[in-house]
Amino acid sequence: MTIIFENARLGLGVEEKKINSGDQEELVLDGGFLVPETNSFGHTFRDYNAESERQESVEEFYHIQHIHQSVDFVKKMRAEYGSLNRVEMSIWECCELLNEFRDESDPDLDEPQIEHLLQTAEAIRKDYPNEDWLHLTGLIHDLGKVLLHHSFGALPQWAVVGDTFPVGCAFDESIIHHKYFKGNPDYNNPAYNTKLGIYSKGCGLDNVLMSWGHDDYMYLVAKESKTTLPSAALFIIRYHSFYPLHKSGAYTHLMNEDDKENLKWLHIFNKYDLYSKSKIRIDVEKVKPYYLSLIEKVKN
Ligand SMILES: O[C@H]1[C@H](O)[C@@H](O)[C@H](O)[C@@H](O)[C@H]1O
Ligand SMILES: [Fe+2]
Ligand SMILES: [Fe+2]
């Protein structure tokens, strides 16, 4: 199954979002979002080895994810979710659906996922009050996690959350808990285990098969709904979990010029996606009218 959003237009009619040199300063209005030094468990963010109450279960998550995410699996999921019958659901209904899920891959947050959507969007709103397309992107970027829900197939966590990476070429060393790829069927396959594998230099990320999860799914949904969101928003949705690229700089040889342009926005977005994770809850009812008005704006 797949989602189709009510009145399928997700965009705000914004023109393509380019960051030209010089613009950056103008864009960044310091509205006061502060990057915290530690997460709510007292550790630095994304420390997958710190002894914390979540360390073991997060490692086990990546163990299973790395074994299962292969070329065959990704192709199967793309075919299945790219063409199945739909559940019709509004954006806000999807957000509420995420209230019952926690993300087992995340060492920094164990709050219900609706909190994370609003925390991200509200943090962006502080520093970029005029970029409402980016607020909406914050709100919807993780909606693909509805795949965990029985209406969307009740997929296991390893097929929905966690960092993503390309399949069909060598798994880069920068991927968290890389050692577990030894159990992946593609690991010893000579067609898939070289630097380029099945790809060519500069082929563009659009031509790369990414491990299956909430990013690619939500991208398919947004694309299918003929969204008018700018390509930067679609790029953010599709690659926000691709930390090996946007944090470690791996796989850049697969990017084309458009990818490089969009990556600048993803770097901005990532700050809010990651560092807004906290135990301080957003008052959902208080901010709901603003987000409903944004959603309303994208209709018709
Ligand atoms: O654990 C998290 C979580 O699943 C996020 O939604 C995803 O975007 C991140 O890449 C990942 O590290
Ligand atoms: Fe995510
Ligand atoms: Fe997120």
# chains A, B, ... in the order shown; residues from 1 in each chain; ligands from 1
>>> residues_near_ligand(ligand="ligand 3", cutoff="10 Å", atoms="only C-alpha atoms and all ligand atoms", output="compact mmCIF listing (two decimals) with C-alpha atoms, in the first residue's frame")
# COMPACT_ATOMS: atom_id res chain seq x y z
CA ASP A 103 12.47 4.66 16.24
CA ASP A 106 17.96 6.28 17.03
CA GLN A 113 7.78 10.29 16.25
CA HIS A 116 10.28 14.66 16.26
CA LEU A 117 8.39 15.99 13.24
CA LEU A 118 7.22 19.02 15.15
CA GLN A 119 10.53 19.55 16.94
CA THR A 120 12.30 19.63 13.57
CA ALA A 121 9.80 21.93 11.88
CA GLY A 138 10.49 19.39 8.33
CA LEU A 139 6.98 18.31 9.15
CA ILE A 140 6.78 15.63 6.46
CA HIS A 141 10.37 14.41 6.11
CA ASP A 142 9.86 11.35 8.32
CA LEU A 143 6.23 10.59 7.47
CA LYS A 145 7.75 5.85 8.91
CA VAL A 161 14.34 3.50 9.78
CA GLY A 162 18.06 3.99 10.30
CA HIS A 214 11.13 5.89 5.05
CA ASP A 215 13.15 8.31 2.90
CA ILE A 237 13.13 13.98 2.00
CA HIS A 240 18.15 12.97 4.86
CA SER A 241 19.19 9.58 6.30
CA PHE A 269 18.20 20.86 7.15
CA ASN A 270 20.29 18.25 8.95
CA TYR A 272 17.54 20.90 12.74
CA ASP A 273 16.64 17.26 12.08
CA LEU A 274 19.41 16.07 14.37
CA TYR A 275 19.87 18.66 17.07
CA SER A 276 16.22 19.40 17.75
CA LYS A 277 15.82 15.92 19.25
>>> select_by_dssp(residues="region 78-240 of chain A", states="strand (DSSP E or B)", output="list in words")
Arg86, Val87, Glu88, Met89, Pro166 and Met210 of chain A
>>> closest_residue(among="A:Pro244, A:Gly213, A:Gly42, A:Gly32", to="ligand 2", atoms="only C-alpha atoms and all ligand atoms")
A:Gly213
>>> select_by_dssp(residues="region 29-235 of chain A", states="alpha helix (DSSP H)", output="ChimeraX atom specification")
/A:55-68,71-83,91-97,113-127,132-140,214-224,231-235
>>> write_last_selection(atoms="C-alpha atoms", output="JSON list (two decimals), in the first residue's frame")
[["chain", "number", "residue", "atom", "x", "y", "z"],
["A", 55, "GLN", "CA", 23.46, 1.40, 22.68],
["A", 56, "GLU", "CA", 22.88, -2.36, 22.55],
["A", 57, "SER", "CA", 19.46, -2.28, 20.95],
["A", 58, "VAL", "CA", 20.57, 0.29, 18.36],
["A", 59, "GLU", "CA", 23.58, -1.88, 17.46],
["A", 60, "GLU", "CA", 21.34, -4.92, 17.12],
["A", 61, "PHE", "CA", 19.08, -2.87, 14.85],
["A", 62, "TYR", "CA", 22.02, -2.11, 12.51],
["A", 63, "HIS", "CA", 23.17, -5.71, 12.61],
["A", 64, "ILE", "CA", 19.85, -6.87, 11.20],
["A", 65, "GLN", "CA", 19.53, -3.93, 8.80],
["A", 66, "HIS", "CA", 22.94, -4.56, 7.27],
["A", 67, "ILE", "CA", 22.26, -8.23, 6.69],
["A", 68, "HIS", "CA", 18.94, -7.66, 4.94],
["A", 71, "VAL", "CA", 19.99, -5.16, -4.22],
["A", 72, "ASP", "CA", 17.30, -7.83, -4.52],
["A", 73, "PHE", "CA", 15.47, -6.61, -1.43],
["A", 74, "VAL", "CA", 15.51, -2.97, -2.53],
["A", 75, "LYS", "CA", 14.25, -3.83, -6.02],
["A", 76, "LYS", "CA", 11.45, -5.89, -4.54],
["A", 77, "MET", "CA", 10.35, -3.11, -2.19],
["A", 78, "ARG", "CA", 10.49, -0.41, -4.83],
["A", 79, "ALA", "CA", 8.32, -2.49, -7.14],
["A", 80, "GLU", "CA", 5.87, -3.28, -4.37],
["A", 81, "TYR", "CA", 5.49, 0.22, -2.97],
["A", 82, "GLY", "CA", 5.79, 2.02, -6.27],
["A", 83, "SER", "CA", 2.59, 0.54, -7.64],
["A", 91, "ILE", "CA", -0.74, 14.85, 6.08],
["A", 92, "TRP", "CA", -1.93, 15.62, 9.59],
["A", 93, "GLU", "CA", -3.57, 12.20, 9.97],
["A", 94, "CYS", "CA", -0.24, 10.62, 9.02],
["A", 95, "CYS", "CA", 1.55, 12.74, 11.64],
["A", 96, "GLU", "CA", -0.88, 11.52, 14.26],
["A", 97, "LEU", "CA", -0.40, 7.93, 13.16],
["A", 113, "GLN", "CA", 7.78, 10.29, 16.25],
["A", 114, "ILE", "CA", 5.15, 13.03, 15.99],
["A", 115, "GLU", "CA", 7.26, 14.95, 18.52],
["A", 116, "HIS", "CA", 10.28, 14.66, 16.26],
["A", 117, "LEU", "CA", 8.39, 15.99, 13.24],
["A", 118, "LEU", "CA", 7.22, 19.02, 15.15],
["A", 119, "GLN", "CA", 10.53, 19.55, 16.94],
["A", 120, "THR", "CA", 12.30, 19.63, 13.57],
["A", 121, "ALA", "CA", 9.80, 21.93, 11.88],
["A", 122, "GLU", "CA", 9.62, 24.31, 14.85],
["A", 123, "ALA", "CA", 13.42, 24.54, 15.09],
["A", 124, "ILE", "CA", 13.64, 25.42, 11.38],
["A", 125, "ARG", "CA", 10.87, 27.97, 11.82],
["A", 126, "LYS", "CA", 12.89, 29.79, 14.47],
["A", 127, "ASP", "CA", 15.86, 30.41, 12.19],
["A", 132, "ASP", "CA", 7.63, 27.97, 4.84],
["A", 133, "TRP", "CA", 8.44, 25.25, 2.29],
["A", 134, "LEU", "CA", 11.25, 24.21, 4.63],
["A", 135, "HIS", "CA", 8.87, 24.13, 7.63],
["A", 136, "LEU", "CA", 6.61, 21.82, 5.68],
["A", 137, "THR", "CA", 9.59, 19.70, 4.63],
["A", 138, "GLY", "CA", 10.49, 19.39, 8.33],
["A", 139, "LEU", "CA", 6.98, 18.31, 9.15],
["A", 140, "ILE", "CA", 6.78, 15.63, 6.46],
["A", 214, "HIS", "CA", 11.13, 5.89, 5.05],
["A", 215, "ASP", "CA", 13.15, 8.31, 2.90],
["A", 216, "ASP", "CA", 12.64, 6.66, -0.44],
["A", 217, "TYR", "CA", 9.06, 5.76, 0.33],
["A", 218, "MET", "CA", 8.10, 9.31, 1.27],
["A", 219, "TYR", "CA", 9.89, 10.57, -1.82],
["A", 220, "LEU", "CA", 7.82, 8.23, -4.00],
["A", 221, "VAL", "CA", 4.65, 9.44, -2.32],
["A", 222, "ALA", "CA", 5.55, 13.10, -2.76],
["A", 223, "LYS", "CA", 6.58, 12.57, -6.36],
["A", 224, "GLU", "CA", 3.46, 10.64, -7.19],
["A", 231, "SER", "CA", 13.54, 19.90, -5.83],
["A", 232, "ALA", "CA", 15.60, 20.77, -2.74],
["A", 233, "ALA", "CA", 12.67, 19.62, -0.57],
["A", 234, "LEU", "CA", 12.36, 16.34, -2.45],
["A", 235, "PHE", "CA", 16.11, 15.84, -2.16]]
>>> residues_around(residues="Asp259 (chain A)", least_positions_apart="6", cutoff="12 Å", atoms="only C-alpha atoms", output="PDB file with C-alpha atoms, in the first residue's frame")
ATOM      1  CA  LYS A  18      19.107  27.894  -5.079  1.00  0.00           C
ATOM      2  CA  GLY A 202      28.654  11.145 -11.816  1.00  0.00           C
ATOM      3  CA  CYS A 203      25.564   9.102 -12.721  1.00  0.00           C
ATOM      4  CA  GLY A 204      23.401  11.117 -10.321  1.00  0.00           C
ATOM      5  CA  LEU A 205      21.803   9.884  -7.111  1.00  0.00           C
ATOM      6  CA  ASP A 206      18.493   9.464  -8.888  1.00  0.00           C
ATOM      7  CA  ASN A 207      20.047   6.486 -10.644  1.00  0.00           C
ATOM      8  CA  VAL A 208      21.323   4.926  -7.448  1.00  0.00           C
ATOM      9  CA  SER A 231      13.542  19.899  -5.832  1.00  0.00           C
ATOM     10  CA  ALA A 232      15.595  20.770  -2.738  1.00  0.00           C
ATOM     11  CA  LEU A 234      12.363  16.338  -2.445  1.00  0.00           C
ATOM     12  CA  PHE A 235      16.110  15.835  -2.159  1.00  0.00           C
ATOM     13  CA  ILE A 236      15.967  16.457   1.601  1.00  0.00           C
ATOM     14  CA  ARG A 238      14.900  11.360  -0.080  1.00  0.00           C
ATOM     15  CA  TYR A 239      18.418  11.615   1.329  1.00  0.00           C
ATOM     16  CA  LEU A 245      27.135  11.204   2.115  1.00  0.00           C
ATOM     17  CA  HIS A 246      26.023  14.334   3.928  1.00  0.00           C
ATOM     18  CA  TYR A 251      29.806   8.380  -2.401  1.00  0.00           C
ATOM     19  CA  THR A 252      30.239  11.916  -3.756  1.00  0.00           C
ATOM     20  CA  HIS A 253      31.551  10.358  -6.988  1.00  0.00           C
ATOM     21  CA  TRP A 265      20.045  22.597   1.581  1.00  0.00           C
ATOM     22  CA  LEU A 266      20.322  19.126   3.049  1.00  0.00           C
TER      23      LEU A 266
END
>>> closest_residue(among="A:Asn262, A:Tyr128, A:Lys288, A:Ser105", to="ligand 2", atoms="only C-alpha atoms and all ligand atoms")
A:Ser105
>>> closest_residue(among="A:Leu34, A:Ile295, A:Ile176, A:Ile280", to="Lys247 (chain A)", atoms="only C-alpha atoms")
A:Ile176
